[in-house]
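Working notes for the structure below.
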Amino acid sequence: MSKPYFAVVAASKGYEPGLSALLNSFRLFHKDMGIKILVGDCGLDSEFKEKYDGDDIEWIPIESERGHIYATKILRFDIATKQKGAVVGLFDADMYIVRSMLNMWKLAEAGFIVGGSNGSNIRFGTQKP
C-alpha cells in the first residue's frame, strides 16, 4: 500500500445505530489493514464517539445551515476530496460490511473507478418478468 487508504462516512445522531453496525463490521474485516475511517460528525453524542474512538478513526465536525441531511450527504464529499494523494471509499452510515474490501482500495489505487449500488438506480419496469 503506497497511498493512504480512507473510508469516509458521515452521520447525525439518528444514524448512530447504523453507524455502529458499519464501524463494528468494518473493523471486524479490516483490523490492522491501515485503513483510516473519517467520520463526518453532525452532532453525534460524545458517549458514542468515546465508545468507538481509536487510532483508526478521526471525527470531523460538520454542520450546515441546510440541516443534517445536507451535511451528511454532501459534506462527506468535501471530506473525501481533501484527502489528496489518497485512495478513498465513500460509505453511507447505514451500511455494514460482510467481508474484506481491501481489494477495492487496491483496484482504485491502480487507477480504476470502483462503484457499488444499493439498487436505488434501477429503472423500475424495464426488467422482463
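We label chains A, B, ... in the order they appear in the C-alpha cells, count residues from 1 in each chain, and number ligands from 1 in the order shown.
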Return as JSON lines the residues of stretch 26-67 of chain A lying at most 12 Å from stretch 73-78 of chain A, together with the closest atom-to-atom pair for each and the distance in Å to one decimal, counting only C-alpha atoms, with rows in chain order and ascending residue number.
```
{"residue": "A:Ile37", "atom": "CA", "partner": "A:Arg76", "partner_atom": "CA", "distance": 12.0}
{"residue": "A:Leu38", "atom": "CA", "partner": "A:Arg76", "partner_atom": "CA", "distance": 9.0}
{"residue": "A:Val39", "atom": "CA", "partner": "A:Arg76", "partner_atom": "CA", "distance": 8.2}
{"residue": "A:Gly40", "atom": "CA", "partner": "A:Arg76", "partner_atom": "CA", "distance": 6.2}
{"residue": "A:Asp41", "atom": "CA", "partner": "A:Arg76", "partner_atom": "CA", "distance": 9.6}
{"residue": "A:Cys42", "atom": "CA", "partner": "A:Leu75", "partner_atom": "CA", "distance": 9.9}
{"residue": "A:Trp59", "atom": "CA", "partner": "A:Arg76", "partner_atom": "CA", "distance": 11.8}
{"residue": "A:Ile60", "atom": "CA", "partner": "A:Arg76", "partner_atom": "CA", "distance": 9.6}
{"residue": "A:Pro61", "atom": "CA", "partner": "A:Leu75", "partner_atom": "CA", "distance": 10.2}
{"residue": "A:Ile62", "atom": "CA", "partner": "A:Leu75", "partner_atom": "CA", "distance": 7.2}
{"residue": "A:Glu63", "atom": "CA", "partner": "A:Leu75", "partner_atom": "CA", "distance": 8.3}
{"residue": "A:Ser64", "atom": "CA", "partner": "A:Leu75", "partner_atom": "CA", "distance": 8.5}
{"residue": "A:Glu65", "atom": "CA", "partner": "A:Leu75", "partner_atom": "CA", "distance": 11.9}
{"residue": "A:Arg66", "atom": "CA", "partner": "A:Ile74", "partner_atom": "CA", "distance": 10.6}
{"residue": "A:Gly67", "atom": "CA", "partner": "A:Lys73", "partner_atom": "CA", "distance": 10.4}
```
- Query: Mind checking DSSP for stretch 61-110 of chain A and telling me the alpha helix (DSSP H) residues as a list in words?
  - Reply: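 In stretch 61-110 of chain A, DSSP puts these residues in alpha helix (DSSP H): His68, Ile69, Tyr70, Ala71, Thr72, Lys73, Ile74, Leu75, Arg76, Phe77, Asp78, Ile79, Ala80, Thr81, Leu102, Asn103, Met104, Trp105, Lys106, Leu107, Ala108 and Glu109 of chain A.
Reported to one decimal place, the separation of atom CA of A:Val8 from atom CA of A:Val114 is 14.6 Å.
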- Message: Given only C-alpha atoms as the basis, pick out the residue of A:Val9, A:Leu90, A:Ala108, A:Leu19 nearest to A:Lys49.
- Response: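 That would be A:Leu19, the residue with the smallest distance to A:Lys49.
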For A:Asp32, list every protein, DNA or RNA residue within 12 Å, evaluated using only C-alpha atoms, and leave out those in the same chain fewer than 2 positions away; present the list as an mmCIF file with N, CA, C and O atoms, in the first residue's frame.
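What ended up in part.cif:
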```cif
data_model
loop_
_atom_site.group_PDB
_atom_site.id
_atom_site.type_symbol
_atom_site.label_atom_id
_atom_site.label_comp_id
_atom_site.auth_asym_id
_atom_site.auth_seq_id
_atom_site.Cartn_x
_atom_site.Cartn_y
_atom_site.Cartn_z
ATOM 1 N N PHE A 26 -16.813 -2.991 9.806
ATOM 2 C CA PHE A 26 -15.612 -2.547 9.102
ATOM 3 C C PHE A 26 -14.365 -2.967 9.870
ATOM 4 O O PHE A 26 -13.427 -3.510 9.297
ATOM 5 N N ARG A 27 -14.384 -2.746 11.159
ATOM 6 C CA ARG A 27 -13.235 -3.125 11.983
ATOM 7 C C ARG A 27 -13.046 -4.637 12.033
ATOM 8 O O ARG A 27 -11.917 -5.129 12.089
ATOM 9 N N LEU A 28 -14.119 -5.387 12.007
ATOM 10 C CA LEU A 28 -14.021 -6.842 12.033
ATOM 11 C C LEU A 28 -13.221 -7.363 10.839
ATOM 12 O O LEU A 28 -12.369 -8.239 10.988
ATOM 13 N N PHE A 29 -13.465 -6.805 9.666
ATOM 14 C CA PHE A 29 -12.829 -7.311 8.447
ATOM 15 C C PHE A 29 -11.595 -6.524 8.005
ATOM 16 O O PHE A 29 -10.922 -6.935 7.063
ATOM 17 N N HIS A 30 -11.298 -5.406 8.670
ATOM 18 C CA HIS A 30 -10.173 -4.579 8.234
ATOM 19 C C HIS A 30 -9.204 -4.222 9.352
ATOM 20 O O HIS A 30 -8.415 -3.290 9.223
ATOM 21 N N GLY A 34 -4.591 -0.775 8.046
ATOM 22 C CA GLY A 34 -4.130 0.578 7.782
ATOM 23 C C GLY A 34 -5.146 1.486 7.113
ATOM 24 O O GLY A 34 -4.783 2.536 6.595
ATOM 25 N N ILE A 35 -6.413 1.104 7.116
ATOM 26 C CA ILE A 35 -7.451 1.947 6.524
ATOM 27 C C ILE A 35 -8.006 2.852 7.613
ATOM 28 O O ILE A 35 -8.507 2.371 8.623
ATOM 29 N N LYS A 36 -7.893 4.144 7.408
ATOM 30 C CA LYS A 36 -8.383 5.121 8.395
ATOM 31 C C LYS A 36 -9.837 5.456 8.089
ATOM 32 O O LYS A 36 -10.199 5.681 6.928
ATOM 33 N N GLY A 54 -10.621 5.425 18.406
ATOM 34 C CA GLY A 54 -9.430 4.590 18.279
ATOM 35 C C GLY A 54 -8.448 5.211 17.308
ATOM 36 O O GLY A 54 -8.736 6.243 16.681
ATOM 37 N N ASP A 55 -7.302 4.576 17.153
ATOM 38 C CA ASP A 55 -6.275 5.083 16.242
ATOM 39 C C ASP A 55 -6.716 5.051 14.786
ATOM 40 O O ASP A 55 -6.164 5.759 13.959
ATOM 41 N N ASP A 56 -7.695 4.218 14.463
ATOM 42 C CA ASP A 56 -8.134 4.065 13.078
ATOM 43 C C ASP A 56 -9.290 4.989 12.698
ATOM 44 O O ASP A 56 -9.845 4.876 11.611
ATOM 45 N N SER A 100 -13.836 -8.594 3.716
ATOM 46 C CA SER A 100 -12.803 -7.593 3.468
ATOM 47 C C SER A 100 -13.040 -6.895 2.139
ATOM 48 O O SER A 100 -13.369 -7.528 1.136
ATOM 49 N N LEU A 102 -10.531 -4.802 1.052
ATOM 50 C CA LEU A 102 -9.190 -4.317 0.756
ATOM 51 C C LEU A 102 -8.897 -4.299 -0.744
ATOM 52 O O LEU A 102 -8.282 -3.364 -1.254
#
```
- Which residue of A:Thr72, A:Glu58, A:Ile79, A:Ser25 approaches A:Ala93 most closely, using only C-alpha atoms: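 The shortest atom-to-atom distance to A:Ala93 comes from A:Thr72.
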- Task: State, in Å with one decimal place, the distance from atom CA of A:Glu109 to atom CA of A:Met33.
- Result: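 Separating atom CA of A:Glu109 from atom CA of A:Met33 is a distance of 14.9 Å.
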- Item | Surrounding residues of A:Lys13 excluding itself and chain neighbours under 2 positions, 8 Å, only C-alpha atoms, as number ranges by chain | A: 11, 15-16, 42-45
Create the file for the chosen residues now, containing C-alpha atoms and written as a compact mmCIF listing (two decimals), in the first residue's frame.
```
# COMPACT_ATOMS: atom_id res chain seq x y z
CA ALA A 11 -23.72 10.64 10.30
CA TYR A 15 -27.87 7.26 12.45
CA GLU A 16 -25.83 6.15 15.48
CA CYS A 42 -23.02 16.03 12.55
CA GLY A 43 -23.99 16.11 16.23
CA LEU A 44 -23.04 12.60 17.33
CA ASP A 45 -23.18 12.00 21.09
```
- Message: Please return, as a PyMOL selection string, all residues of chain A that DSSP assigns to strand (DSSP E or B) on the basis of the backbone.
- Response: chain A and resi 5-12+35-42+57-61+87-90
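Each of A:Met101, A:Lys106, A:Leu23, A:Gly18 was compared to A:Ile57 using only C-alpha atoms, and A:Leu23 turns out to be the nearest.
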- Message: Rounded to one decimal, what separation in Å do you get between atom CA of A:Tyr70 and atom CA of A:Lys84?
- Response: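 Value for the atom CA of A:Tyr70-atom CA of A:Lys84 distance: 23.2 Å.
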